[in-house]
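J.: Handing over upload.pdb, PDB, C-alpha atoms.
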```pdb
ATOM      1  CA  GLY A 226      18.715  -4.858  50.661
ATOM      2  CA  ALA A 227      19.872  -2.443  53.344
ATOM      3  CA  VAL A 228      21.269   0.914  52.277
ATOM      4  CA  ILE A 229      24.944   1.309  53.228
ATOM      5  CA  ALA A 230      25.673   4.691  54.842
ATOM      6  CA  ASP A 231      28.686   5.327  52.635
ATOM      7  CA  GLN A 232      27.076   4.012  49.434
ATOM      8  CA  ASP A 233      27.540   7.380  47.664
ATOM      9  CA  ALA A 234      31.287   7.292  48.340
ATOM     10  CA  ARG A 235      31.447   3.691  47.091
ATOM     11  CA  ASN A 236      29.628   4.637  43.882
ATOM     12  CA  ALA A 237      31.837   7.686  43.344
ATOM     13  CA  ALA A 238      34.981   5.510  43.578
ATOM     14  CA  LEU A 239      33.891   3.715  40.395
ATOM     15  CA  ASP A 240      34.243   6.881  38.258
ATOM     16  CA  PRO A 241      36.989   6.015  35.728
ATOM     17  CA  ARG A 242      37.796   9.700  35.074
ATOM     18  CA  ARG A 243      39.019  10.304  38.609
ATOM     19  CA  SER A 244      41.631   8.842  40.983
ATOM     20  CA  PHE A 245      40.860   7.765  44.536
ATOM     21  CA  ILE A 246      42.484   6.753  47.787
ATOM     22  CA  VAL A 247      40.079   4.623  49.800
ATOM     23  CA  GLN A 248      40.630   4.410  53.549
ATOM     24  CA  ALA A 249      38.347   2.191  55.577
ATOM     25  CA  PRO A 250      38.636  -0.368  58.399
ATOM     26  CA  ALA A 251      39.389  -4.053  57.802
ATOM     27  CA  GLY A 252      36.438  -6.096  56.583
ATOM     28  CA  SER A 253      34.529  -3.107  55.170
ATOM     29  CA  GLY A 254      34.898  -4.290  51.582
ATOM     30  CA  LYS A 255      37.841  -2.326  50.134
ATOM     31  CA  THR A 256      38.951  -5.262  47.964
ATOM     32  CA  GLU A 257      35.384  -5.822  46.768
ATOM     33  CA  LEU A 258      35.248  -2.132  45.764
ATOM     34  CA  LEU A 259      38.552  -2.497  43.926
ATOM     35  CA  VAL A 260      37.174  -5.484  42.001
ATOM     36  CA  ARG A 261      34.076  -3.414  41.102
ATOM     37  CA  ARG A 262      36.304  -0.595  39.820
ATOM     38  CA  TYR A 263      38.451  -3.066  37.863
ATOM     39  CA  ILE A 264      35.367  -4.437  36.102
ATOM     40  CA  ALA A 265      34.072  -0.898  35.428
ATOM     41  CA  LEU A 266      37.448   0.100  33.957
ATOM     42  CA  LEU A 267      37.550  -2.955  31.674
ATOM     43  CA  LYS A 268      34.628  -1.418  29.777
ATOM     44  CA  THR A 269      36.607   1.775  29.138
ATOM     45  CA  VAL A 270      39.934   0.362  27.884
ATOM     46  CA  GLN A 271      40.850  -1.217  24.561
ATOM     47  CA  LYS A 272      42.893  -4.051  26.077
ATOM     48  CA  PRO A 273      42.690  -5.687  29.534
ATOM     49  CA  GLU A 274      46.498  -5.270  29.833
ATOM     50  CA  GLU A 275      45.987  -1.497  30.163
ATOM     51  CA  ILE A 276      44.868  -2.039  33.762
ATOM     52  CA  VAL A 277      47.316  -3.227  36.404
ATOM     53  CA  ALA A 278      46.024  -4.343  39.798
ATOM     54  CA  ILE A 279      48.591  -4.824  42.540
ATOM     55  CA  THR A 280      48.119  -6.875  45.695
ATOM     56  CA  PHE A 281      50.373  -7.715  48.612
ATOM     57  CA  THR A 282      50.222 -11.534  48.616
ATOM     58  CA  ILE A 283      49.977 -14.220  45.949
ATOM     59  CA  LYS A 284      46.868 -15.495  47.717
ATOM     60  CA  ALA A 285      45.204 -12.070  47.459
ATOM     61  CA  ALA A 286      46.077 -11.863  43.751
ATOM     62  CA  ALA A 287      44.545 -15.302  43.108
ATOM     63  CA  GLU A 288      41.430 -14.367  45.090
ATOM     64  CA  MET A 289      40.984 -11.094  43.165
ATOM     65  CA  ARG A 290      41.512 -12.840  39.814
ATOM     66  CA  LYS A 291      38.837 -15.370  40.788
ATOM     67  CA  ARG A 292      36.367 -12.627  41.714
ATOM     68  CA  VAL A 293      36.932 -10.727  38.479
ATOM     69  CA  LEU A 294      36.640 -13.878  36.344
ATOM     70  CA  SER A 295      33.394 -14.907  38.050
ATOM     71  CA  GLU A 296      31.839 -11.872  36.322
ATOM     72  CA  LEU A 297      33.726 -12.005  33.023
ATOM     73  CA  ASP A 298      34.591 -14.180  30.094
ATOM     74  CA  ALA A 299      37.092 -16.817  31.304
ATOM     75  CA  GLY A 300      38.946 -16.477  27.979
ATOM     76  CA  LEU A 301      40.416 -13.218  29.349
ATOM     77  CA  ALA A 302      42.148 -15.010  32.249
ATOM     78  CA  HIS A 303      45.682 -14.902  30.829
ATOM     79  CA  ARG A 304      45.318 -11.219  29.923
ATOM     80  CA  LEU A 305      44.357  -9.919  33.373
ATOM     81  CA  ARG A 306      47.272  -8.135  35.030
ATOM     82  CA  ILE A 307      46.468  -8.850  38.657
ATOM     83  CA  GLN A 308      49.708  -9.552  40.486
ATOM     84  CA  THR A 309      51.747  -8.961  43.615
ATOM     85  CA  ILE A 310      54.013  -5.938  43.813
ATOM     86  CA  ASP A 311      56.972  -8.376  43.795
ATOM     87  CA  ALA A 312      55.812 -10.020  40.566
ATOM     88  CA  PHE A 313      55.210  -6.588  39.008
ATOM     89  CA  CYS A 314      58.752  -5.467  39.925
ATOM     90  CA  ALA A 315      60.236  -8.709  38.564
ATOM     91  CA  SER A 316      58.408  -8.195  35.256
ATOM     92  CA  LEU A 317      59.941  -4.690  35.010
ATOM     93  CA  THR A 318      63.499  -5.898  35.670
ATOM     94  CA  ARG A 319      63.038  -8.674  33.106
ATOM     95  CA  GLN A 320      62.108  -6.130  30.445
ATOM     96  CA  MET A 321      65.273  -4.132  31.035
ATOM     97  CA  PRO A 322      68.010  -6.413  32.337
ATOM     98  CA  VAL A 323      70.810  -4.027  31.419
ATOM     99  CA  LEU A 324      69.370  -1.067  33.261
ATOM    100  CA  SER A 325      68.332  -3.041  36.295
ATOM    101  CA  ARG A 326      71.890  -4.446  36.421
ATOM    102  CA  PHE A 327      70.975  -8.089  36.799
ATOM    103  CA  GLY A 328      71.928  -9.486  33.404
ATOM    104  CA  ALA A 329      70.500 -13.014  33.471
ATOM    105  CA  GLN A 330      67.545 -13.137  35.849
ATOM    106  CA  PRO A 331      68.688 -14.605  39.170
ATOM    107  CA  GLY A 332      66.524 -16.896  41.263
ATOM    108  CA  VAL A 333      64.513 -15.022  43.909
ATOM    109  CA  VAL A 334      64.824 -16.481  47.413
ATOM    110  CA  GLU A 335      61.975 -15.953  49.884
ATOM    111  CA  ASP A 336      64.354 -16.225  52.829
ATOM    112  CA  ALA A 337      67.752 -14.611  52.253
ATOM    113  CA  HIS A 338      68.942 -14.658  55.888
ATOM    114  CA  GLU A 339      72.052 -16.655  54.997
ATOM    115  CA  HIS A 340      72.960 -14.072  52.352
ATOM    116  CA  TYR A 341      72.518 -11.221  54.847
ATOM    117  CA  ARG A 342      74.687 -12.973  57.417
ATOM    118  CA  GLU A 343      77.419 -13.701  54.897
ATOM    119  CA  ALA A 344      77.512 -10.053  53.767
ATOM    120  CA  ALA A 345      77.518  -8.888  57.422
ATOM    121  CA  THR A 346      80.384 -11.276  58.246
ATOM    122  CA  ARG A 347      82.474  -9.920  55.372
ATOM    123  CA  THR A 348      81.739  -6.328  56.421
ATOM    124  CA  ILE A 349      82.903  -6.869  59.997
ATOM    125  CA  ALA A 350      85.904  -8.934  58.869
ATOM    126  CA  GLU A 351      87.293  -5.774  57.211
ATOM    127  CA  LEU A 352      87.880  -4.468  60.756
ATOM    128  CA  SER A 353      87.413  -0.867  59.632
ATOM    129  CA  ASP A 354      87.349   1.964  62.159
ATOM    130  CA  ALA A 355      83.530   1.813  62.246
ATOM    131  CA  ALA A 356      83.566  -1.970  62.780
ATOM    132  CA  GLY A 357      86.014  -1.426  65.644
ATOM    133  CA  ARG A 358      83.707   1.141  67.285
ATOM    134  CA  LEU A 359      80.710  -1.157  66.978
ATOM    135  CA  LEU A 360      82.611  -4.154  68.419
ATOM    136  CA  LEU A 361      83.951  -2.025  71.278
ATOM    137  CA  HIS A 362      80.400  -1.109  72.241
ATOM    138  CA  LEU A 363      79.265  -4.759  71.994
ATOM    139  CA  ASP A 364      82.146  -6.085  74.187
ATOM    140  CA  ASN A 365      83.731  -7.610  71.069
ATOM    141  CA  ASN A 366      80.755  -9.910  70.499
ATOM    142  CA  VAL A 367      81.138 -10.608  66.777
ATOM    143  CA  GLY A 368      77.941 -12.704  66.678
ATOM    144  CA  THR A 369      75.792  -9.826  67.966
ATOM    145  CA  ALA A 370      77.430  -7.351  65.579
ATOM    146  CA  THR A 371      76.841  -9.719  62.651
ATOM    147  CA  SER A 372      73.170 -10.200  63.616
ATOM    148  CA  MET A 373      72.671  -6.431  63.884
ATOM    149  CA  ILE A 374      74.086  -5.743  60.420
ATOM    150  CA  ALA A 375      72.249  -8.745  58.905
ATOM    151  CA  GLY A 376      68.968  -7.486  60.401
ATOM    152  CA  MET A 377      69.565  -4.047  58.897
ATOM    153  CA  LEU A 378      70.302  -5.589  55.475
ATOM    154  CA  GLU A 379      66.961  -7.365  55.575
ATOM    155  CA  LYS A 380      65.281  -3.974  56.115
ATOM    156  CA  ARG A 381      67.566  -2.045  53.764
ATOM    157  CA  ASP A 382      64.654  -0.824  51.704
ATOM    158  CA  GLN A 383      63.803   1.440  54.635
ATOM    159  CA  TRP A 384      67.183   3.179  54.746
ATOM    160  CA  LEU A 385      69.045   2.694  51.485
ATOM    161  CA  ARG A 386      68.115   5.598  49.242
ATOM    162  CA  LYS A 387      69.007   5.766  45.550
ATOM    163  CA  THR A 388      72.152   7.740  46.306
ATOM    164  CA  GLY A 389      73.458   5.058  48.663
ATOM    165  CA  GLN A 390      74.019   7.975  51.070
ATOM    166  CA  VAL A 391      73.251   7.365  54.726
ATOM    167  CA  PRO A 392      71.400  10.050  56.717
ATOM    168  CA  THR A 393      73.164  12.412  59.165
ATOM    169  CA  ARG A 394      72.460  12.684  62.881
ATOM    170  CA  GLU A 395      70.552  15.961  62.285
ATOM    171  CA  GLU A 396      68.359  14.367  59.614
ATOM    172  CA  LEU A 397      67.604  11.373  61.808
ATOM    173  CA  GLU A 398      66.763  13.537  64.821
ATOM    174  CA  ALA A 399      64.489  15.685  62.633
ATOM    175  CA  ASN A 400      62.753  12.415  61.651
ATOM    176  CA  LEU A 401      62.315  11.515  65.325
ATOM    177  CA  LEU A 402      60.597  14.853  65.964
ATOM    178  CA  ARG A 403      58.357  14.417  62.928
ATOM    179  CA  GLU A 404      57.433  10.903  64.017
ATOM    180  CA  ARG A 405      56.546  12.121  67.543
ATOM    181  CA  ALA A 406      54.385  14.904  66.084
ATOM    182  CA  ARG A 407      52.629  12.410  63.783
ATOM    183  CA  ILE A 408      51.875   9.972  66.626
ATOM    184  CA  LEU A 409      50.537  12.820  68.798
ATOM    185  CA  ALA A 410      48.365  14.253  66.008
ATOM    186  CA  GLN A 411      46.917  10.807  65.289
ATOM    187  CA  ALA A 412      46.090  10.261  68.981
ATOM    188  CA  ARG A 413      44.427  13.708  69.184
ATOM    189  CA  THR A 414      42.023  12.817  66.372
ATOM    190  CA  LEU A 415      40.718  10.115  68.729
ATOM    191  CA  HIS A 416      40.840  12.138  71.977
ATOM    192  CA  PRO A 417      41.404  15.919  72.203
ATOM    193  CA  LYS A 418      43.378  15.657  75.472
ATOM    194  CA  ALA A 419      45.764  12.955  74.285
ATOM    195  CA  SER A 420      49.349  13.433  75.502
ATOM    196  CA  VAL A 421      52.105  11.300  77.034
ATOM    197  CA  GLU A 422      50.942  12.292  80.542
ATOM    198  CA  PHE A 423      47.289  11.561  79.681
ATOM    199  CA  ALA A 424      48.264   8.141  78.294
ATOM    200  CA  ALA A 425      50.207   7.318  81.468
ATOM    201  CA  VAL A 426      47.078   7.986  83.582
ATOM    202  CA  ALA A 427      44.697   6.118  81.243
ATOM    203  CA  LEU A 428      46.814   2.979  80.689
ATOM    204  CA  THR A 429      48.612   0.564  83.019
ATOM    205  CA  GLN A 430      52.301  -0.323  82.603
ATOM    206  CA  ASN A 431      51.167  -3.240  80.419
ATOM    207  CA  CYS A 432      49.217  -0.749  78.269
ATOM    208  CA  THR A 433      45.769  -2.049  79.217
ATOM    209  CA  TRP A 434      43.007   0.316  80.428
ATOM    210  CA  ARG A 435      43.295   1.330  84.106
ATOM    211  CA  GLN A 436      40.339   0.188  86.199
ATOM    212  CA  ARG A 437      40.384   3.117  88.668
ATOM    213  CA  GLY A 438      40.563   6.868  88.161
ATOM    214  CA  ASN A 439      40.662   6.573  84.374
ATOM    215  CA  PRO A 440      40.075   9.893  82.533
ATOM    216  CA  VAL A 441      38.536   7.864  79.673
ATOM    217  CA  PRO A 442      35.083   6.542  80.677
ATOM    218  CA  PRO A 443      34.448   2.828  79.898
ATOM    219  CA  ALA A 444      32.015   3.679  77.086
ATOM    220  CA  GLU A 445      34.798   5.519  75.228
ATOM    221  CA  GLN A 446      37.522   2.896  75.744
ATOM    222  CA  SER A 447      37.911   1.791  72.124
ATOM    223  CA  GLU A 448      40.763  -0.412  70.901
ATOM    224  CA  ALA A 449      41.799   2.314  68.429
ATOM    225  CA  LEU A 450      42.226   4.850  71.253
ATOM    226  CA  ARG A 451      44.056   2.339  73.464
ATOM    227  CA  ALA A 452      46.501   1.557  70.631
ATOM    228  CA  ALA A 453      47.046   5.289  69.927
ATOM    229  CA  LEU A 454      47.783   6.002  73.615
ATOM    230  CA  GLU A 455      50.149   3.014  73.729
ATOM    231  CA  SER A 456      52.007   4.492  70.724
ATOM    232  CA  LEU A 457      52.430   7.737  72.708
ATOM    233  CA  LEU A 458      53.969   5.855  75.638
ATOM    234  CA  ARG A 459      56.331   3.946  73.348
ATOM    235  CA  MET A 460      57.412   6.987  71.295
ATOM    236  CA  PRO A 461      61.135   7.376  70.625
ATOM    237  CA  GLU A 462      63.018  10.095  72.529
ATOM    238  CA  GLU A 463      63.512  13.411  70.712
ATOM    239  CA  ARG A 464      67.252  12.952  70.221
ATOM    240  CA  TYR A 465      69.990  10.376  70.647
ATOM    241  CA  THR A 466      72.368  10.290  73.590
ATOM    242  CA  ASP A 467      76.066  10.461  72.646
ATOM    243  CA  ASP A 468      76.436   6.780  73.572
ATOM    244  CA  GLN A 469      73.535   5.819  71.316
ATOM    245  CA  TRP A 470      74.994   7.909  68.516
ATOM    246  CA  GLN A 471      78.424   6.211  68.834
ATOM    247  CA  VAL A 472      76.776   2.895  67.964
ATOM    248  CA  LEU A 473      74.291   4.227  65.431
ATOM    249  CA  GLY A 474      76.973   6.296  63.707
ATOM    250  CA  ALA A 475      79.201   3.211  63.392
ATOM    251  CA  ILE A 476      76.316   1.134  61.975
ATOM    252  CA  LEU A 477      75.464   3.882  59.458
ATOM    253  CA  GLU A 478      79.063   3.872  58.204
ATOM    254  CA  LEU A 479      79.019   0.088  57.858
ATOM    255  CA  LEU A 480      75.673  -0.232  56.075
ATOM    256  CA  PRO A 481      76.677   0.952  52.555
ATOM    257  CA  ARG A 482      79.669  -1.457  52.725
ATOM    258  CA  ALA A 483      77.358  -4.268  53.834
ATOM    259  CA  ALA A 484      74.893  -3.505  51.015
ATOM    260  CA  ALA A 485      77.784  -3.660  48.506
ATOM    261  CA  TYR A 486      78.937  -7.027  49.918
ATOM    262  CA  LEU A 487      75.352  -8.291  49.690
ATOM    263  CA  LYS A 488      75.336  -7.587  45.937
ATOM    264  CA  VAL A 489      78.547  -9.624  45.655
ATOM    265  CA  VAL A 490      77.045 -12.523  47.643
ATOM    266  CA  PHE A 491      73.906 -12.471  45.480
ATOM    267  CA  ALA A 492      76.023 -12.454  42.297
ATOM    268  CA  GLU A 493      78.173 -15.385  43.494
ATOM    269  CA  ARG A 494      75.097 -17.513  44.198
ATOM    270  CA  GLY A 495      72.980 -16.345  41.248
ATOM    271  CA  GLU A 496      70.211 -15.492  43.701
ATOM    272  CA  THR A 497      68.527 -12.326  44.930
ATOM    273  CA  ASP A 498      65.747 -11.142  47.242
ATOM    274  CA  PHE A 499      62.549  -9.161  46.631
ATOM    275  CA  THR A 500      64.096  -5.915  47.893
ATOM    276  CA  GLU A 501      66.858  -6.108  45.280
ATOM    277  CA  ILE A 502      64.247  -6.775  42.593
ATOM    278  CA  ALA A 503      62.209  -3.742  43.737
ATOM    279  CA  GLN A 504      65.303  -1.531  43.708
ATOM    280  CA  GLY A 505      66.183  -2.903  40.261
ATOM    281  CA  ALA A 506      62.683  -2.004  39.055
ATOM    282  CA  VAL A 507      63.101   1.565  40.348
ATOM    283  CA  ARG A 508      66.379   1.853  38.420
ATOM    284  CA  ALA A 509      64.758   0.346  35.326
ATOM    285  CA  LEU A 510      62.093   3.077  35.344
ATOM    286  CA  GLY A 511      64.340   6.069  36.000
ATOM    287  CA  THR A 512      62.645   9.209  37.304
ATOM    288  CA  PRO A 513      59.783  11.409  36.064
ATOM    289  CA  GLU A 514      62.393  14.060  35.162
ATOM    290  CA  ASN A 515      64.688  11.521  33.503
ATOM    291  CA  PRO A 516      62.540   8.570  32.385
ATOM    292  CA  THR A 517      63.941   5.461  30.707
ATOM    293  CA  ASP A 518      62.516   4.025  27.493
ATOM    294  CA  LEU A 519      60.745   1.432  29.627
ATOM    295  CA  LEU A 520      58.912   4.088  31.658
ATOM    296  CA  LEU A 521      57.891   5.916  28.473
ATOM    297  CA  ALA A 522      56.651   2.658  26.933
ATOM    298  CA  LEU A 523      54.688   1.727  30.067
ATOM    299  CA  ASP A 524      53.220   5.215  30.172
ATOM    300  CA  THR A 525      51.464   4.576  26.869
ATOM    301  CA  ARG A 526      50.599   0.930  27.666
ATOM    302  CA  ILE A 527      49.200   1.250  31.204
ATOM    303  CA  LYS A 528      46.142   3.443  31.689
ATOM    304  CA  HIS A 529      45.051   2.512  35.224
ATOM    305  CA  ILE A 530      46.857   1.241  38.319
ATOM    306  CA  LEU A 531      44.864  -0.186  41.211
ATOM    307  CA  VAL A 532      46.753  -0.926  44.419
ATOM    308  CA  ASP A 533      44.979  -3.150  46.936
ATOM    309  CA  GLU A 534      47.721  -3.262  49.516
ATOM    310  CA  PHE A 535      51.484  -2.878  49.678
ATOM    311  CA  GLN A 536      54.235  -2.632  52.276
ATOM    312  CA  ASP A 537      54.301   1.015  53.271
ATOM    313  CA  THR A 538      57.632   0.591  55.093
ATOM    314  CA  SER A 539      59.292  -0.169  51.753
ATOM    315  CA  TYR A 540      60.730   2.937  50.105
ATOM    316  CA  SER A 541      61.028   1.303  46.668
ATOM    317  CA  GLN A 542      57.509  -0.097  46.685
TER     318      GLN A 542
END
```
Take the structure in the file and write it out as structure tokens.

T.:
Amino acid sequence: GAVIADQDARNAALDPRRSFIVQAPAGSGKTELLVRRYIALLKTVQKPEEIVAITFTIKAAAEMRKRVLSELDAGLAHRLRIQTIDAFCASLTRQMPVLSRFGAQPGVVEDAHEHYREAATRTIAELSDAAGRLLLHLDNNVGTATSMIAGMLEKRDQWLRKTGQVPTREELEANLLRERARILAQARTLHPKASVEFAAVALTQNCTWRQRGNPVPPAEQSEALRAALESLLRMPEERYTDDQWQVLGAILELLPRAAAYLKVVFAERGETDFTEIAQGAVRALGTPENPTDLLLALDTRIKHILVDEFQDTSYSQ
């Protein structure tokens, strides 16, 4: 068969003594490589359970399991730990219900929008000073305020740190600057002259390539570069206006209250969502400086972790 240009890199990634991060475009065979490594590792461990492979979707987990089993003894099927990150987190919270603060395992709901709305409604009903400021800005539209808080609860894994502390204006503005620098640096790897001004000349208002007077010749107009230049044009401003901060500040004050109400709503219904499970798993493991018994036990039981894909916007994951 044909020799693949990066075959050496692919072979190297099968070395069980070393760790790897593999970055490559879609469809280039990252999952296939992961399956190859999984099979190579099976020869080096005493028990199949010492390898954990994590995927993003149930479908991907099933597909990977099928690929591995097509090359192995089917009798191993029940011992292969190939699972979604959600299933992995749930297995951790089950092993330590006290630490993960669930007690009896609640049912996990795929769609917890009703729970978010209920918690948001209770938060606004308190009519705290922060709720008042938010409602004032929204012309007393309770529905909009509720939707805003509910939407933030759905994404709470992006902002709710272990401490439950919310970030300050300075911290958030420092993040904005970092994000702008990251977007610019990424665009410059694709074109040395990339800048906001350059992007405005190269792309139309709809962010498609300009037909006339484009500084990027047609031969160089790749989709990757177009997307990077679009990111430059859509970058957040460097800092918030005072009006924006009035609203954001109010929301930040309300969020820890809303998260607390959400726990109450989950407890009342005996249900939870995947984010809560992930946060429970983090608590169940403790920290490297202060590990729990579960983390110490897993440390001796698990020798290799292979991650196919996960949600990089999720802090807990």

J.: At a cut-off of 6 Å, can you tabulate as a tab-separated table every residue of stretch 365-415 of chain A near stretch 334-354 of chain A together with its closest atom pair and the distance in Å to one decimal, using all atoms listed in the file and ordering rows by chain then number?

T.:
```
residue	atom	partner	partner_atom	distance
A:Thr371	CA	A:Ala345	CA	5.3
A:Ile374	CA	A:Ala345	CA	5.5
A:Ala375	CA	A:Tyr341	CA	4.8
```

J.: Quick one: apply the PyMOL selection byres ((chain A and resi 463-467) around 10) to the file and drop the selected residues here as a short mmCIF file (atom, residue, chain, number, x, y, z; two decimals) with C-alpha atoms, keeping the file's coordinate frame.

T.:
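Result saved to result.cif:
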```
data_model
loop_
_atom_site.label_atom_id
_atom_site.label_comp_id
_atom_site.auth_asym_id
_atom_site.auth_seq_id
_atom_site.Cartn_x
_atom_site.Cartn_y
_atom_site.Cartn_z
CA ARG A 394 72.46 12.68 62.88
CA GLU A 395 70.55 15.96 62.28
CA LEU A 397 67.60 11.37 61.81
CA GLU A 398 66.76 13.54 64.82
CA ALA A 399 64.49 15.68 62.63
CA ASN A 400 62.75 12.42 61.65
CA LEU A 401 62.32 11.52 65.32
CA LEU A 402 60.60 14.85 65.96
CA ARG A 403 58.36 14.42 62.93
CA GLU A 404 57.43 10.90 64.02
CA ARG A 405 56.55 12.12 67.54
CA MET A 460 57.41 6.99 71.30
CA PRO A 461 61.14 7.38 70.62
CA GLU A 462 63.02 10.10 72.53
CA ASP A 468 76.44 6.78 73.57
CA GLN A 469 73.54 5.82 71.32
CA TRP A 470 74.99 7.91 68.52
CA GLN A 471 78.42 6.21 68.83
CA VAL A 472 76.78 2.90 67.96
CA LEU A 473 74.29 4.23 65.43
CA GLY A 474 76.97 6.30 63.71
#
```

J.: Quick one: of A:Leu479, A:Ile530, A:Ala410, A:Met377, who's nearest to A:Leu360, counting only C-alpha atoms?

T.: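 Of all the options, A:Leu479 lies closest to A:Leu360.
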
J.: Would you mind telling me which residue in A:Thr538, A:Pro513, A:Asp311, A:Leu267 lies nearest to A:Ile283 when using only C-alpha atoms?

T.: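 When distances to A:Ile283 are compared using only C-alpha atoms, the smallest one comes from A:Asp311.
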
J.: Calculated over all atoms listed in the file, which of the candidates A:Val270, A:Met289, A:Leu458, A:Val441 has the smallest distance to A:Pro417?

T.: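 Ranked by minimum distance to A:Pro417, first place goes to A:Val441.
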
J.: Restricting the calculation to all atoms listed in the file: of A:Arg319, A:Arg407, A:Arg235, A:Arg304, which residue gets closest to A:Leu259?

T.: A:Arg235

J.: Considering only C-alpha atoms, return as JSON, numbers by chain whatever protein or nucleic-acid residues lie within 12 Å of A:Arg261, sequence-local ones (same chain, fewer than 3 positions apart) excluded.

T.: {"A": [235, 236, 237, 238, 239, 240, 241, 254, 255, 256, 257, 258, 264, 265, 266, 267, 268, 289, 292, 293, 294, 295, 296, 297, 531]}

J.: Interatomic distance between atom CA of A:Ala484 and atom CA of A:Leu385?

T.: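 Computing it gives 8.5 Å between the two atoms.
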
J.: Please, what distance in Å, to one decimal, runs between atom CA of A:Ser316 and atom CA of A:Pro481?

T.: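 Atom CA of A:Pro481 lies 26.8 Å from atom CA of A:Ser316.
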
J.: Would you mind listing what lies within 8 Å of A:Ala506 as a list in words, with all atoms listed in the file counted and same-chain residues fewer than 3 positions away left out?

T.: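 Counting all atoms listed in the file, the residues come to Cys314, Ala315, Leu317, Thr318, Ser325, Ile502, Ala503, Ala509 and Leu510 of chain A.
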
J.: Could those selected residues go to a file with C-alpha atoms, as a PDB file, in the coordinates of the input?

T.:
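Okay, this is what ended up in selection.pdb:
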```
ATOM      1  CA  CYS A 314      58.752  -5.467  39.925  1.00  0.00           C
ATOM      2  CA  ALA A 315      60.236  -8.709  38.564  1.00  0.00           C
ATOM      3  CA  LEU A 317      59.941  -4.690  35.010  1.00  0.00           C
ATOM      4  CA  THR A 318      63.499  -5.898  35.670  1.00  0.00           C
ATOM      5  CA  SER A 325      68.332  -3.041  36.295  1.00  0.00           C
ATOM      6  CA  ILE A 502      64.247  -6.775  42.593  1.00  0.00           C
ATOM      7  CA  ALA A 503      62.209  -3.742  43.737  1.00  0.00           C
ATOM      8  CA  ALA A 509      64.758   0.346  35.326  1.00  0.00           C
ATOM      9  CA  LEU A 510      62.093   3.077  35.344  1.00  0.00           C
TER      10      LEU A 510
END
```

J.: Here is a test: counting only C-alpha atoms, which residue of A:Ala406, A:Arg243, A:Lys284, A:Gly332 is nearest to A:Glu496?

T.: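 Of all the options, A:Gly332 lies closest to A:Glu496.
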
J.: Find the nearest atom pair between each residue of stretch 511-537 of chain A and stretch 274-278 of chain A for residues within 6 Å, count only C-alpha atoms, give distances in Å to one decimal, sort rows by chain and ascending number, and present the table as a Markdown table.

T.:
```
| residue | atom | partner | partner_atom | distance |
| --- | --- | --- | --- | --- |
| A:Arg526 | CA | A:Glu275 | CA | 5.8 |
| A:Ile527 | CA | A:Glu275 | CA | 4.4 |
| A:Lys528 | CA | A:Glu275 | CA | 5.2 |
| A:His529 | CA | A:Ile276 | CA | 4.8 |
| A:Ile530 | CA | A:Val277 | CA | 4.9 |
| A:Leu531 | CA | A:Ala278 | CA | 4.5 |
| A:Val532 | CA | A:Ala278 | CA | 5.8 |
```
